[in-house]
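Next up, data04.cif (mmCIF, C-alpha atoms):
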```cif
data_my_file
loop_
_atom_site.label_atom_id
_atom_site.label_comp_id
_atom_site.auth_asym_id
_atom_site.auth_seq_id
_atom_site.Cartn_x
_atom_site.Cartn_y
_atom_site.Cartn_z
CA MET A 9 -47.20 -21.15 4.99
CA LYS A 10 -45.46 -20.25 8.22
CA ARG A 11 -42.18 -21.76 6.98
CA SER A 12 -42.22 -19.72 3.80
CA VAL A 13 -42.83 -16.49 5.76
CA VAL A 14 -39.95 -17.29 8.12
CA ALA A 15 -37.68 -18.20 5.17
CA LEU A 16 -38.64 -15.01 3.34
CA ALA A 17 -38.01 -12.94 6.50
CA VAL A 18 -34.57 -14.55 6.94
CA ILE A 19 -33.68 -13.95 3.29
CA LEU A 20 -34.87 -10.35 3.48
CA ALA A 21 -32.93 -9.75 6.73
CA CYS A 22 -29.80 -11.24 5.18
CA GLY A 23 -30.18 -9.05 2.08
CA VAL A 24 -30.65 -5.87 4.12
CA SER A 25 -27.74 -6.84 6.37
CA ALA A 26 -25.50 -7.51 3.37
CA ALA A 27 -26.46 -4.22 1.71
CA LEU A 28 -25.81 -2.23 4.90
CA GLY A 29 -22.57 -4.11 5.51
CA TYR A 30 -21.43 -3.35 1.99
CA TRP A 31 -22.36 0.33 2.22
CA PHE A 32 -20.83 1.01 5.62
CA GLY A 33 -18.12 -1.64 5.56
CA VAL A 34 -16.73 -1.12 2.08
CA ARG A 35 -17.96 2.09 0.51
CA GLN A 36 -17.69 4.27 3.60
CA ALA A 37 -14.67 2.56 5.15
CA TRP A 38 -12.68 2.89 1.93
CA THR A 39 -13.17 6.65 1.81
CA LEU A 40 -12.65 7.09 5.54
CA GLY A 41 -9.54 4.90 5.45
CA LEU A 42 -8.03 7.07 2.76
CA ALA A 43 -9.05 10.22 4.59
CA ALA A 44 -7.58 8.98 7.88
CA ASP A 45 -4.28 8.29 6.10
CA PHE A 46 -3.84 12.01 5.52
CA LEU A 47 -3.57 12.71 9.27
CA PRO A 48 -0.19 11.02 9.80
CA ARG A 49 0.95 12.15 6.34
CA GLY A 50 0.24 15.76 7.27
CA SER A 51 2.10 15.32 10.54
CA ILE A 52 5.11 13.84 8.75
CA ALA A 53 4.97 16.72 6.26
CA THR A 54 5.36 19.24 9.08
CA TYR A 55 8.50 17.43 10.25
CA GLN A 56 9.86 17.30 6.70
CA LEU A 57 9.13 20.98 6.12
CA GLN A 58 10.95 21.91 9.33
CA LEU A 59 13.96 19.87 8.20
CA LEU A 60 13.96 21.53 4.78
CA ARG A 61 13.67 24.99 6.31
CA SER A 62 16.60 24.26 8.63
CA GLY A 63 18.75 23.17 5.67
CA LYS A 64 18.77 19.43 6.45
CA PRO A 65 17.23 17.73 3.41
CA GLU A 66 18.93 14.32 3.87
CA ASN A 67 16.22 12.88 6.16
CA VAL A 68 13.50 14.22 3.88
CA ILE A 69 15.15 12.65 0.85
CA THR A 70 15.48 9.31 2.65
CA GLY A 71 11.82 9.42 3.66
CA LEU A 72 10.67 10.27 0.15
CA GLU A 73 12.86 7.51 -1.32
CA GLY A 74 11.10 5.13 1.05
CA ASP A 75 7.75 6.44 -0.16
CA VAL A 76 8.74 5.66 -3.77
CA ASP A 77 9.70 2.10 -2.83
CA ASN A 78 6.51 1.68 -0.78
CA GLY A 79 4.47 3.01 -3.69
CA LEU A 80 6.01 0.43 -6.00
CA VAL A 81 5.62 -2.41 -3.47
CA TRP A 82 1.97 -1.64 -2.81
CA GLY A 83 1.41 -0.84 -6.48
CA TYR A 84 2.60 -4.37 -7.19
CA GLU A 85 -0.09 -5.69 -4.85
CA VAL A 86 -2.84 -3.47 -6.28
CA LEU A 87 -2.07 -3.93 -9.97
CA ASN A 88 -1.62 -7.71 -9.60
CA HIS A 89 -4.73 -8.21 -7.48
CA PRO A 90 -7.05 -10.81 -9.01
CA MET A 91 -10.13 -8.61 -8.49
CA ARG A 92 -8.67 -5.39 -9.89
CA ASP A 93 -10.89 -5.46 -13.00
CA LEU A 94 -14.00 -5.68 -10.81
CA TRP A 95 -13.33 -2.67 -8.57
CA ARG A 96 -14.90 -0.14 -10.92
CA PRO A 97 -18.06 -2.04 -11.91
CA ILE A 98 -18.77 -3.43 -8.43
CA TRP A 99 -17.57 -0.68 -6.08
CA GLY A 100 -17.07 2.32 -8.35
CA PHE A 101 -13.40 2.69 -7.39
CA GLU A 102 -11.40 4.30 -10.17
CA ILE A 103 -8.10 2.61 -9.39
CA TYR A 104 -7.30 0.28 -12.25
CA PRO A 105 -6.13 1.21 -14.85
CA GLU A 106 -6.13 4.92 -13.89
CA TYR A 107 -3.46 4.53 -11.18
CA GLU A 108 -0.98 2.96 -13.57
CA GLN A 109 0.20 6.47 -14.47
CA TYR A 110 1.52 6.87 -10.93
CA VAL A 111 3.33 3.54 -11.09
CA VAL A 112 4.91 4.51 -14.40
CA ARG A 113 6.25 7.74 -12.88
CA MET A 114 7.65 5.93 -9.82
CA ALA A 115 9.14 3.12 -11.92
CA ARG A 116 10.88 5.58 -14.24
CA TYR A 117 12.27 7.45 -11.25
CA ARG A 118 13.45 4.24 -9.57
CA LYS A 119 15.10 3.09 -12.80
CA GLN A 120 17.03 6.37 -13.04
CA TYR A 121 17.77 6.55 -9.29
CA PRO A 122 18.21 3.11 -7.69
CA SER A 123 16.82 2.63 -4.22
CA PRO A 124 19.13 3.57 -1.36
CA PHE A 125 17.63 0.72 0.67
CA LYS A 126 19.65 -2.47 0.32
CA PRO A 127 18.00 -5.91 0.45
CA ASP A 128 20.84 -7.25 2.64
CA ALA A 129 20.50 -4.49 5.26
CA PHE A 130 19.15 -6.91 7.87
CA ASP A 131 21.37 -9.92 7.13
CA VAL A 132 23.73 -9.17 10.00
CA VAL A 133 22.35 -8.84 13.51
CA PRO A 134 24.00 -5.86 15.23
CA PRO A 135 26.15 -6.59 18.28
CA GLY A 136 24.06 -6.61 21.43
CA LYS A 137 20.85 -7.47 19.55
CA GLU A 138 21.36 -11.23 19.32
CA GLU A 139 18.07 -11.86 21.15
CA HIS A 140 16.29 -10.31 18.13
CA ARG A 141 17.87 -12.71 15.60
CA GLU A 142 14.49 -14.10 14.44
CA PHE A 143 13.10 -10.60 14.00
CA TYR A 144 16.10 -9.62 11.86
CA LYS A 145 15.59 -12.80 9.82
CA GLU A 146 11.98 -11.75 9.12
CA LEU A 147 13.13 -8.24 8.22
CA ALA A 148 15.71 -9.67 5.81
CA ILE A 149 13.08 -11.83 4.10
CA GLY A 150 10.73 -8.83 3.81
CA ALA A 151 13.50 -6.61 2.43
CA ARG A 152 14.27 -9.16 -0.30
CA GLU A 153 10.59 -9.60 -1.16
CA ASN A 154 10.16 -5.83 -1.41
CA LYS A 155 13.25 -5.53 -3.61
CA ALA A 156 11.85 -8.20 -5.93
CA LYS A 157 8.52 -6.34 -6.17
CA VAL A 158 10.22 -3.00 -6.83
CA ASP A 159 12.40 -4.60 -9.52
CA ALA A 160 9.37 -6.25 -11.13
CA MET A 161 7.50 -2.94 -11.23
CA VAL A 162 10.50 -1.11 -12.70
CA GLU A 163 10.94 -3.78 -15.35
CA ARG A 164 7.25 -3.74 -16.26
CA TYR A 165 6.43 -0.03 -16.10
CA ALA A 166 9.61 2.06 -16.53
CA THR A 167 9.43 1.86 -20.32
CA LYS A 168 5.71 2.69 -20.74
#
```

Would you put the structure from the file into structure tokens?
Amino acid sequence: MKRSVVALAVILACGVSAALGYWFGVRQAWTLGLAADFLPRGSIATYQLQLLRSGKPENVITGLEGDVDNGLVWGYEVLNHPMRDLWRPIWGFEIYPEYEQYVVRMARYRKQYPSPFKPDAFDVVPPGKEEHREFYKELAIGARENKAKVDAMVERYATK
């Protein structure tokens, strides 16, 4: 009798712990993570607005081009995630397939305007930076992986 009470108490404690962990760890953290992302984005927007107002759009354009590439790279990860079909029924996140419309827009744009970021940008270590050769090698690998993801997203979604 005592064993069954202890086992039941352990099972109940685990269930409550799992439910609280899910609620605060996933449901709340997801929303707060997205909300927290707007703080640096708003700060960057002030910088971009100042550049636009001073007649210097080049840096803003470069930053926004990077955002398009990042959107396609991370869109690749999201839309190819093995659990994407479970996000709505389990967690209530309306991401897939609703967010595909954003990927289509970015892919069409990237097809019309190729990325200004070149995959071989980190192949050559600048003079005086030889001690960072391994870091540049990692950057070069990442740049090529990102290019492949962007190209895959353009090929898949630019014609939808």

Picked residues, the PyMOL selection byres ((chain A and resi 80) around 8), expected as a list of chain:residue names: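 Checking the PyMOL selection byres ((chain A and resi 80) around 8) against this file, the residues are A:Val76, A:Asp77, A:Asn78, A:Gly79, A:Val81, A:Trp82, A:Gly83, A:Tyr84, A:Val111, A:Met114, A:Ala115, A:Lys157, A:Val158, A:Met161.
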
Could you tell me which residues the PyMOL selection byres ((chain A and resi 69-71) around 12) grabs in this file, written as a PyMOL selection string? chain A and resi 49+52-53+55-57+59-60+64-68+72-78+123-125

Report, in Å with one decimal, the straight-line distance from CA of Leu147 in chain A to CA of Ile103 in chain A.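 CA of Leu147 in chain A sits 29.6 Å away from CA of Ile103 in chain A.
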
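If you look at CA of Arg96 in chain A and CA of Thr39 in chain A, they are 14.5 Å away from each other.
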
Ala166 in chain A: which residues within 7 Å, counting all atoms listed in the file, same-chain residues fewer than 2 positions away excluded, as an MDAnalysis selection string? chainID A and resid 112 115:116 119 162:164 168

Can you give me, as a PyMOL selection string, the residues this file yields under the PyMOL selection byres ((chain A and resi 131) around 8)? chain A and resi 128-130+132-133+144-145+148

Have a look at CA of Pro97 in chain A and CA of Leu20 in chain A and let me know their distance in Å, one decimal.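 Between CA of Pro97 in chain A and CA of Leu20 in chain A the gap works out to 24.3 Å.
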
Nearest-residue call for Lys155 in chain A, choices A:Arg118, A:Asn88, A:Trp99, A:Pro48, using all atoms listed in the file: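 Result for the nearest residue to Lys155 in chain A: A:Arg118.
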
Around all the atoms of range 58-66 of chain A listed in the file, with 8 Å of room on each side, what axis-aligned box do you get, giving centre and edge lengths in Å to one decimal, as AutoDock Vina command-line options?
```
--center_x 14.9 --center_y 19.7 --center_z 6.4 --size_x 24.0 --size_y 26.7 --size_z 21.9
```

From the list A:Arg11, A:Leu94, A:Gly136, A:Tyr165, which residue is nearest Tyr110 in chain A when using all atoms listed in the file?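 Using all atoms listed in the file, Tyr110 in chain A sits closest to A:Tyr165.
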